[in-house]
Each structure stands twice: as structure tokens, then as C-alpha cells.
file start_16.cif (mmCIF, C-alpha atoms)
data_model
loop_
_atom_site.label_atom_id
_atom_site.label_comp_id
_atom_site.auth_asym_id
_atom_site.auth_seq_id
_atom_site.Cartn_x
_atom_site.Cartn_y
_atom_site.Cartn_z
CA MET A 98 -37.57 40.36 26.07
CA PRO A 99 -36.78 43.69 27.84
CA SER A 100 -39.68 43.34 30.27
CA GLN A 101 -38.78 39.77 31.26
CA PHE A 102 -35.14 40.76 31.51
CA ASP A 103 -35.96 43.88 33.53
CA GLN A 104 -37.95 41.72 35.93
CA VAL A 105 -34.80 39.83 36.97
CA LEU A 106 -33.02 43.14 37.62
CA LYS A 107 -35.95 44.44 39.67
CA GLU A 108 -36.61 41.30 41.69
CA ARG A 109 -33.07 40.37 42.73
CA ARG A 110 -32.66 40.97 46.46
CA SER A 111 -29.73 40.64 48.84
CA VAL A 112 -30.61 37.51 50.82
CA ARG A 113 -28.86 36.72 54.10
CA LYS A 114 -30.82 33.69 55.29
CA PHE A 115 -30.50 30.51 53.28
CA LYS A 116 -32.04 27.03 53.32
CA PRO A 117 -29.52 24.31 54.22
CA ASP A 118 -29.67 22.92 50.65
CA GLU A 119 -26.35 22.65 48.84
CA VAL A 120 -25.64 24.56 45.64
CA SER A 121 -24.15 22.38 42.91
CA SER A 122 -20.59 22.91 41.66
CA HIS A 123 -22.08 22.97 38.18
CA ASP A 124 -24.34 25.94 38.97
CA LEU A 125 -21.58 27.82 40.79
CA ARG A 126 -19.19 27.32 37.91
CA GLU A 127 -21.82 28.59 35.46
CA LEU A 128 -22.31 31.72 37.57
CA ALA A 129 -18.59 32.46 37.79
CA ALA A 130 -18.26 31.87 34.04
CA LEU A 131 -20.89 34.58 33.48
CA GLY A 132 -18.96 37.01 35.67
CA VAL A 133 -16.24 36.83 33.06
CA TRP A 134 -18.56 38.50 30.52
CA ALA A 135 -18.76 41.75 32.49
CA PRO A 136 -16.58 44.52 31.06
CA SER A 137 -13.15 45.28 32.51
CA ALA A 138 -11.13 48.46 32.06
CA GLY A 139 -8.93 48.00 29.00
CA ASN A 140 -10.26 44.42 28.88
CA ALA A 141 -7.56 43.66 31.48
CA GLN A 142 -9.54 40.79 33.11
CA THR A 143 -7.42 40.80 36.23
CA TRP A 144 -10.14 39.05 38.27
CA SER A 145 -10.38 35.48 39.40
CA PHE A 146 -13.24 33.64 41.10
CA VAL A 147 -12.75 31.15 43.91
CA ILE A 148 -15.77 28.94 44.58
CA VAL A 149 -16.12 27.59 48.11
CA ARG A 150 -18.51 24.77 49.13
CA ASP A 151 -16.44 23.08 51.83
CA SER A 152 -18.20 23.65 55.15
CA SER A 153 -15.07 24.07 57.26
CA LYS A 154 -13.78 26.70 54.84
CA LEU A 155 -17.18 28.44 54.87
CA GLU A 156 -17.09 28.52 58.66
CA ALA A 157 -13.58 29.94 58.61
CA ILE A 158 -14.66 32.65 56.16
CA HIS A 159 -17.70 33.46 58.26
CA ALA A 160 -15.47 33.85 61.34
CA VAL A 161 -13.52 36.68 59.65
CA SER A 162 -16.49 38.31 57.88
CA PRO A 163 -18.59 40.58 60.12
CA GLY A 164 -20.82 41.23 57.09
CA MET A 165 -21.95 37.58 57.02
CA LEU A 166 -24.78 36.49 59.35
CA ALA A 167 -23.94 32.77 59.19
CA PRO A 168 -21.85 30.44 57.01
CA PRO A 169 -23.79 30.29 53.71
CA PRO A 170 -24.12 27.15 51.54
CA ALA A 171 -21.51 28.54 49.15
CA VAL A 172 -19.32 31.56 48.49
CA ILE A 173 -17.89 32.94 45.28
CA ALA A 174 -14.90 35.13 46.17
CA VAL A 175 -14.25 37.77 43.52
CA CYS A 176 -10.52 38.42 43.62
CA GLN A 177 -8.15 40.75 41.79
CA ASP A 178 -4.55 40.33 40.84
CA GLU A 179 -3.58 43.77 42.08
CA LYS A 180 -0.02 43.48 40.80
CA ARG A 181 -1.31 42.93 37.26
CA ALA A 182 -3.97 45.64 37.69
CA GLN A 183 -1.21 48.06 38.70
CA GLU A 184 0.94 47.06 35.72
CA VAL A 185 -1.96 47.50 33.31
CA GLY A 186 -3.56 50.66 34.68
CA GLY A 187 -1.23 52.23 37.24
CA ARG A 188 -2.63 53.63 40.46
CA LEU A 189 -6.05 54.40 38.93
CA GLY A 190 -6.09 50.86 37.55
CA VAL A 191 -5.65 49.20 40.89
CA GLU A 192 -7.56 51.63 43.13
CA ARG A 193 -10.51 52.40 40.92
CA CYS A 194 -10.78 50.33 37.73
CA SER A 195 -10.15 46.93 39.33
CA VAL A 196 -12.71 47.68 42.07
CA MET A 197 -15.34 48.55 39.46
CA ASP A 198 -14.41 45.47 37.41
CA SER A 199 -14.96 43.27 40.47
CA ALA A 200 -18.33 44.86 41.18
CA MET A 201 -19.57 44.53 37.58
CA ALA A 202 -18.55 40.86 37.46
CA ALA A 203 -20.29 40.35 40.82
CA GLN A 204 -23.46 41.96 39.51
CA ASN A 205 -23.51 39.56 36.54
CA ILE A 206 -23.12 36.64 38.95
CA MET A 207 -25.89 37.85 41.27
CA LEU A 208 -28.33 38.50 38.43
CA ALA A 209 -27.62 35.16 36.76
CA ALA A 210 -28.14 33.47 40.13
CA HIS A 211 -31.52 35.15 40.55
CA ALA A 212 -32.53 34.05 37.03
CA ARG A 213 -31.89 30.47 38.30
CA ASP A 214 -33.87 30.94 41.53
CA LEU A 215 -30.65 31.08 43.51
CA ALA A 216 -30.18 33.87 46.02
CA THR A 217 -27.07 35.90 46.76
CA CYS A 218 -25.68 38.59 49.00
CA PRO A 219 -22.60 40.70 48.30
CA VAL A 220 -20.36 41.04 51.36
CA LEU A 221 -17.77 43.77 51.62
CA SER A 222 -17.20 43.61 55.35
CA PHE A 223 -14.54 40.90 55.80
CA HIS A 224 -10.86 40.68 56.61
CA PRO A 225 -9.05 40.39 53.25
CA PRO A 226 -5.72 38.95 54.50
CA ALA A 227 -7.53 36.26 56.54
CA VAL A 228 -9.75 35.31 53.59
CA GLY A 229 -6.65 35.30 51.38
CA GLN A 230 -5.03 32.80 53.70
CA ILE A 231 -8.12 30.55 53.82
CA LEU A 232 -8.27 30.54 50.00
CA ASN A 233 -4.52 30.11 49.54
CA LEU A 234 -4.33 33.33 47.53
CA PRO A 235 -0.87 34.45 46.42
CA GLU A 236 0.27 37.77 47.87
CA SER A 237 -0.65 39.77 44.76
CA VAL A 238 -4.23 38.41 44.62
CA VAL A 239 -6.71 40.18 46.88
CA PRO A 240 -10.36 39.27 47.57
CA HIS A 241 -12.53 42.30 46.72
CA LEU A 242 -15.96 40.92 47.37
CA LEU A 243 -17.53 37.76 48.76
CA ILE A 244 -20.80 36.62 47.23
CA GLU A 245 -22.89 34.35 49.45
CA VAL A 246 -24.91 31.89 47.33
CA GLY A 247 -27.79 29.62 48.36
CA TYR A 248 -31.53 29.07 48.18
CA ALA A 249 -33.44 31.83 49.97
CA GLU A 250 -35.00 31.07 53.34
CA THR A 251 -36.41 34.58 53.63
CA THR A 252 -36.31 37.35 51.07
CA PRO A 253 -36.23 40.80 52.61
CA ALA A 254 -37.95 43.87 51.24
CA ALA A 255 -35.68 46.38 49.61
CA PRO A 256 -37.22 49.83 49.51
CA ARG A 257 -35.75 52.20 46.95
CA ARG A 258 -35.60 55.98 46.97
CA VAL A 259 -38.25 57.80 44.95
CA LEU A 260 -36.81 58.49 41.53
CA GLU A 261 -37.34 62.24 41.67
CA GLY A 262 -33.93 63.67 42.42
CA VAL A 263 -32.20 60.33 41.74
CA ILE A 264 -32.67 60.69 37.97
CA GLN A 265 -31.98 64.08 36.47
CA PHE A 266 -31.96 65.42 32.93
CA GLU A 267 -29.14 67.53 31.50
CA ARG A 268 -28.18 69.11 34.81
CA TYR A 269 -28.35 68.37 38.51
CA GLU A 270 -31.00 70.48 40.25
CA MET B 11 -35.25 31.71 31.22
CA PRO B 12 -31.63 31.32 32.43
CA SER B 13 -30.31 30.60 28.94
CA GLN B 14 -32.08 33.62 27.40
CA PHE B 15 -31.00 35.76 30.31
CA ASP B 16 -27.41 34.47 30.15
CA GLN B 17 -27.34 35.34 26.47
CA VAL B 18 -27.75 39.05 27.26
CA LEU B 19 -24.87 38.86 29.75
CA LYS B 20 -22.65 37.08 27.22
CA GLU B 21 -23.48 39.22 24.20
CA ARG B 22 -23.20 42.69 25.72
CA ARG B 23 -20.12 44.45 24.35
CA SER B 24 -18.49 47.80 25.03
CA VAL B 25 -19.33 49.79 21.92
CA ARG B 26 -17.45 52.98 21.06
CA LYS B 27 -18.85 53.79 17.60
CA PHE B 28 -22.50 54.75 17.38
CA LYS B 29 -24.99 55.54 14.62
CA PRO B 30 -26.12 59.18 14.64
CA ASP B 31 -29.64 58.12 15.76
CA GLU B 32 -30.92 59.76 18.92
CA VAL B 33 -31.81 57.73 22.02
CA SER B 34 -35.21 58.64 23.48
CA SER B 35 -35.53 60.28 26.89
CA HIS B 36 -38.04 57.55 27.70
CA ASP B 37 -35.52 54.75 27.09
CA LEU B 38 -32.75 56.55 28.97
CA ARG B 39 -35.00 57.14 31.94
CA GLU B 40 -35.99 53.46 31.97
CA LEU B 41 -32.33 52.43 31.99
CA ALA B 42 -31.45 54.75 34.87
CA ALA B 43 -34.51 53.52 36.78
CA LEU B 44 -33.14 49.97 36.47
CA GLY B 45 -29.77 51.06 37.84
CA VAL B 46 -31.60 51.85 41.07
CA TRP B 47 -32.35 48.13 41.53
CA ALA B 48 -28.70 47.18 41.89
CA PRO B 49 -27.64 46.57 45.50
CA SER B 50 -25.89 49.26 47.53
CA ALA B 51 -23.86 48.75 50.69
CA GLY B 52 -26.25 49.12 53.64
CA ASN B 53 -28.92 50.03 51.07
CA ALA B 54 -27.44 53.54 51.26
CA GLN B 55 -28.42 54.45 47.65
CA THR B 56 -26.08 57.41 47.52
CA TRP B 57 -26.00 57.40 43.71
CA SER B 58 -27.72 59.67 41.26
CA PHE B 59 -27.97 59.44 37.48
CA VAL B 60 -27.70 62.44 35.19
CA ILE B 61 -28.95 61.82 31.65
CA VAL B 62 -27.42 63.98 28.91
CA ARG B 63 -28.79 64.25 25.37
CA ASP B 64 -27.96 67.89 24.62
CA SER B 65 -25.31 67.93 21.89
CA SER B 66 -23.35 70.90 23.22
CA LYS B 67 -23.13 69.24 26.64
CA LEU B 68 -22.07 65.97 25.03
CA GLU B 69 -19.33 67.79 23.14
CA ALA B 70 -18.18 69.46 26.34
CA ILE B 71 -18.07 66.09 28.13
CA HIS B 72 -16.17 64.52 25.25
CA ALA B 73 -13.60 67.33 25.41
CA VAL B 74 -12.68 66.42 29.01
CA SER B 75 -12.96 62.61 28.60
CA PRO B 76 -9.91 60.98 27.01
CA GLY B 77 -11.73 57.64 27.33
CA MET B 78 -14.40 58.76 24.84
CA LEU B 79 -13.67 58.44 21.10
CA ALA B 80 -16.35 60.95 20.02
CA PRO B 81 -19.41 62.62 21.54
CA PRO B 82 -21.97 59.79 21.82
CA PRO B 83 -25.74 60.20 21.23
CA ALA B 84 -26.31 60.17 25.00
CA VAL B 85 -24.53 59.80 28.32
CA ILE B 86 -25.77 58.55 31.66
CA ALA B 87 -23.42 59.89 34.34
CA VAL B 88 -23.42 57.68 37.45
CA CYS B 89 -22.68 60.01 40.35
CA GLN B 90 -22.20 59.55 44.08
CA ASP B 91 -22.98 61.87 46.95
CA GLU B 92 -19.61 61.30 48.61
CA LYS B 93 -20.53 63.37 51.65
CA ARG B 94 -23.49 61.07 52.35
CA ALA B 95 -21.45 57.95 51.51
CA GLN B 96 -18.87 59.08 54.09
CA GLU B 97 -21.58 59.71 56.69
CA VAL B 98 -23.14 56.30 56.11
CA GLY B 99 -20.03 54.13 55.74
CA GLY B 100 -16.97 56.13 56.80
CA ARG B 101 -13.78 55.93 54.77
CA LEU B 102 -14.52 52.40 53.51
CA GLY B 103 -17.99 53.61 52.54
CA VAL B 104 -16.78 56.38 50.30
CA GLU B 105 -13.58 54.80 48.94
CA ARG B 106 -14.76 51.27 48.36
CA CYS B 107 -18.51 50.69 48.86
CA SER B 108 -19.73 53.68 46.87
CA VAL B 109 -17.40 52.78 43.98
CA MET B 110 -18.78 49.25 43.88
CA ASP B 111 -22.34 50.57 44.16
CA SER B 112 -21.76 52.81 41.12
CA ALA B 113 -20.32 49.93 39.13
CA MET B 114 -23.17 47.54 39.96
CA ALA B 115 -25.78 50.15 39.01
CA ALA B 116 -23.86 50.79 35.79
CA GLN B 117 -23.83 47.08 34.98
CA ASN B 118 -27.63 46.94 35.38
CA ILE B 119 -27.94 49.89 33.00
CA MET B 120 -25.59 48.41 30.40
CA LEU B 121 -27.29 45.01 30.47
CA ALA B 122 -30.78 46.49 30.27
CA ALA B 123 -29.60 48.61 27.33
CA HIS B 124 -28.33 45.55 25.49
CA ALA B 125 -31.64 43.78 26.11
CA ARG B 126 -33.22 46.73 24.21
CA ASP B 127 -30.70 46.62 21.33
CA LEU B 128 -29.03 49.74 22.64
CA ALA B 129 -25.26 49.77 23.00
CA THR B 130 -23.14 51.22 25.77
CA CYS B 131 -19.58 51.82 26.85
CA PRO B 132 -18.42 52.51 30.41
CA VAL B 133 -15.89 55.36 30.55
CA LEU B 134 -13.63 55.84 33.56
CA SER B 135 -11.06 58.09 31.94
CA PHE B 136 -12.52 61.60 32.31
CA HIS B 137 -11.91 64.71 34.37
CA PRO B 138 -14.38 64.55 37.28
CA PRO B 139 -14.32 68.24 38.30
CA ALA B 140 -14.87 69.36 34.70
CA VAL B 141 -17.75 66.92 34.22
CA GLY B 142 -19.15 68.05 37.57
CA GLN B 143 -19.18 71.63 36.32
CA ILE B 144 -20.84 70.71 33.01
CA LEU B 145 -23.57 68.79 34.90
CA ASN B 146 -24.00 71.44 37.59
CA LEU B 147 -23.13 68.91 40.30
CA PRO B 148 -22.96 70.22 43.87
CA GLU B 149 -19.51 69.92 45.48
CA SER B 150 -20.37 66.74 47.38
CA VAL B 151 -21.64 64.90 44.29
CA VAL B 152 -18.91 63.29 42.16
CA PRO B 153 -19.26 61.54 38.80
CA HIS B 154 -17.85 58.00 39.13
CA LEU B 155 -18.56 56.61 35.70
CA LEU B 156 -19.88 57.86 32.36
CA ILE B 157 -21.96 55.46 30.31
CA GLU B 158 -22.08 56.24 26.60
CA VAL B 159 -25.43 55.14 25.11
CA GLY B 160 -26.46 54.81 21.47
CA TYR B 161 -27.18 52.40 18.64
CA ALA B 162 -24.08 50.42 17.65
CA GLU B 163 -22.32 51.33 14.42
CA THR B 164 -19.71 48.60 14.91
CA THR B 165 -19.57 45.98 17.64
CA PRO B 166 -16.04 44.93 18.52
CA ALA B 167 -14.94 41.42 19.45
CA ALA B 168 -14.22 40.92 23.14
CA PRO B 169 -11.95 37.95 23.71
CA ARG B 170 -12.04 36.50 27.21
CA ARG B 171 -9.36 34.59 29.08
CA VAL B 172 -9.66 30.80 29.13
CA LEU B 173 -11.53 29.85 32.27
CA GLU B 174 -8.82 27.55 33.59
CA GLY B 175 -7.10 29.52 36.30
CA VAL B 176 -9.82 32.20 36.29
CA ILE B 177 -12.29 29.91 38.10
CA GLN B 178 -10.92 27.89 40.99
CA PHE B 179 -12.51 25.51 43.48
CA GLU B 180 -11.88 25.69 47.22
CA ARG B 181 -8.35 27.09 46.91
CA TYR B 182 -6.26 29.10 44.52
CA GLU B 183 -3.67 26.95 42.73
#
call {"tool": "encode", "arguments": {"input": "start_16.cif", "output": "C-alpha cells"}}
result
Amino acid sequence: MPSQFDQVLKERRSVRKFKPDEVSSHDLRELAALGVWAPSAGNAQTWSFVIVRDSSKLEAIHAVSPGMLAPPPAVIAVCQDEKRAQEVGGRLGVERCSVMDSAMAAQNIMLAAHARDLATCPVLSFHPPAVGQILNLPESVVPHLLIEVGYAETTPAAPRRVLEGVIQFERYE
Amino acid sequence: MPSQFDQVLKERRSVRKFKPDEVSSHDLRELAALGVWAPSAGNAQTWSFVIVRDSSKLEAIHAVSPGMLAPPPAVIAVCQDEKRAQEVGGRLGVERCSVMDSAMAAQNIMLAAHARDLATCPVLSFHPPAVGQILNLPESVVPHLLIEVGYAETTPAAPRRVLEGVIQFERYE
């Protein structure tokens, strides 16, 4: 099991060019439901996931997201209730913990997508208030991360640093 | 494959009580090497991973980490070169992107551990300068997250919110 599992971790790539094929609501819901199983600081679970398949909404999101090459077939917006995150964890809760919680949930979603032969790309470069308006988010709920979802048209290479220096034992040298 | 893969995502828990058994350097290195396959903003890869198995170091880390119940069998410290993150991505790069990069790498590590019957807990409540000193980190390298690693003594329940409201379609209601 580890080696098959590891393979999914190693082979996931950030894909920015998708086939025009739609992604089913069923698959997108399954992915979001797996995001929920990532850990959250103090098990606060202040995230929510807004799934977008409507093409006019996807175009509107693309228009305010410099990090997105083109409107993708679908988006899962990972959002945080920052008011609740602040109540639960104070300033560290909202500025640090909730950001990590969003990222861990996103990683679950992206890995589970790859295990289904779906491709994803995390986008951080977008205008949060504009996306909030498009998604009808209440004032306290902020989009942290947009995940593009679709079937890969092209899968880019993703060179990694050599591990020497990246992994250290007992002390940084 | 999806269902077996999903199972690992769903069954991973944050474990805080470990058996006294050691975790091998080989396994810990494999886990850190899988962290490297998480995405990073602009493929900047500004993380590094310091593996700690030395008991006196683990005790020292525990002493400055309120989020840690007891010294665990091992720690993988996920660190960021914040000077490089700033150079690559500016203020957003260091304050937001590098934090998400650390969390996504950590999620890879925690999932891969669970697939190997190892248990983990992410710890955010610790004193970064003190941990930096224990790990001999240069000034520009900051620990973002400590991952406790060991074999589970007890595995806690982890209730999740009902999905209604957490997952929304097209617009937040």
C-alpha cells in the first residue's frame, strides 16, 4: 500500500491547461468531502468549500484571478470563516492556523483528484473581495485558495530540488 | 484505487500519545522526501525538513512547545527560508504562500505516515526562535510546523461537521 499511495503523492502535478470536458458534481462533491478529513487546529473546522461549474461564474472568477490562465472546467474555492477562526484561536488562529487548515484541506482535495485521474491547480493569486462577491460569501467568510479542477490537456514537468540540504538530520548544516 | 486512497485520507488522525518504539531514520527520510512532492507557489520550494530522533533534542523541543503533550519518538520540523520566500514572492510570498507550502508538504508527510501505520500530529503552538536554536537554524530559516511522528498508543475520535453548509454549490447560502 505505501508504494501505491506514495505514487499518487509523487505524480500529482499542478495542471493549468484542461480539456473542455465537464467535471461531474458528484466527483467535485466527493473531493470537497475529502478535504474535510484534513486536520484543523483545535479541530475548529472553520473552512467551507464552494464548488463552481457555472461557466459565467468561472469566467467572472478568471477575470479577477491573475493566477488563472483561462476559466477552468470547475473551481473548488476553499474559504474560511475568519470571524470564527478569530474567536477560536485569536490572532494566531486567523492569521496562521486557518491558512494552514485551508492548505491541508486543499492538499487532500488535489491528491484525491489525482487518484481519480482528475487534474488540479492551486491558485493563490486572485482578488478575494471580488471572488467573495461572485460566490455570495458573507463578510466574515474569505476565500483562501482556489483549486482549478478538470481533465489535463498537458501535464507539465515539475523539477524538485535535490534532497541534500532539503532534508537534514538533528541539526541544520 | 480511489476508494483505497480515500481511506487513508479519511482514517488519518492527529495522534498525541505514542508507544515508546523508535521510528527509523529510513522511514522518516522517506516521509520528508514525500513532502517535497507537494506543490509550492511558483515552484519556489523554499522549505526544508529537519528530522529529530535524539531524545535530548526532543525533550528540549517539548519544553518550548505547549502544543506537545510529551516528547514524541521523532519530530519532522517543516521550515521555511523566509528570506528566499520574500525574494521570490514578496510580502504575499512570505506571509501567505510559504505558510500554505509548509502546510501542504506537512499534509503529504502525515498522509504518507498513516499509509505506513505511523501516526502523526501537527503542532503549531511552539516557540519558533527557541526551536530554531535547538535545530541550529540560520536566522533566515524559520520553523513553521512541527510534526510529531511515532506509533500510536491511542487514536482519538475526530468528529467532523455535517457536510450541509460546509459544501456549497455555485453560491454560499
call {"tool": "closest_residue", "arguments": {"input": "start_16.cif", "among": "A:Met207, A:Ala130, A:Val246, A:Val239", "to": "Val191 (chain A)", "atoms": "all atoms listed in the file"}}
result
A:Val239
call {"tool": "interface_residues", "arguments": {"input": "start_16.cif", "of": "chain B", "to": "chain A", "cutoff": "6 Å", "atoms": "only C-alpha atoms", "output": "VMD selection string"}}
result
chain B and resid 12 20 47 58 to 62 110 113 to 114 117 125 to 126 145 to 147 176 to 182
call {"tool": "resolve_selection", "arguments": {"input": "start_16.cif", "expression": "the PyMOL selection byres ((chain B and resi 161) around 12)", "output": "NGL selection string"}}
result
:B and (24-34 or 82-84 or 123-124 or 126-131 or 158-160 or 162-165)
call {"tool": "atom_distance", "arguments": {"input": "start_16.cif", "atom1": "CA of Pro153 (chain B)", "atom2": "CA of Pro76 (chain B)"}}
result
15.1 Å
call {"tool": "atom_distance", "arguments": {"input": "start_16.cif", "atom1": "CA of Val141 (chain B)", "atom2": "CA of Val74 (chain B)"}}
result
7.3 Å
call {"tool": "atom_distance", "arguments": {"input": "start_16.cif", "atom1": "CA of Pro81 (chain B)", "atom2": "CA of Ser66 (chain B)"}}
result
9.3 Å
call {"tool": "closest_residue", "arguments": {"input": "start_16.cif", "among": "B:Ser108, B:Gln96, B:Met78, B:Ala140", "to": "Leu156 (chain B)", "atoms": "all atoms listed in the file"}}
result
B:Met78
call {"tool": "closest_residue", "arguments": {"input": "start_16.cif", "among": "B:Asp37, B:Pro138, B:Pro166, B:Glu69", "to": "Gln90 (chain B)", "atoms": "only C-alpha atoms"}}
result
B:Pro138
call {"tool": "closest_residue", "arguments": {"input": "start_16.cif", "among": "A:Lys180, A:Arg188, A:Ser152, A:Pro226", "to": "Ala167 (chain A)", "atoms": "all atoms listed in the file"}}
result
A:Ser152
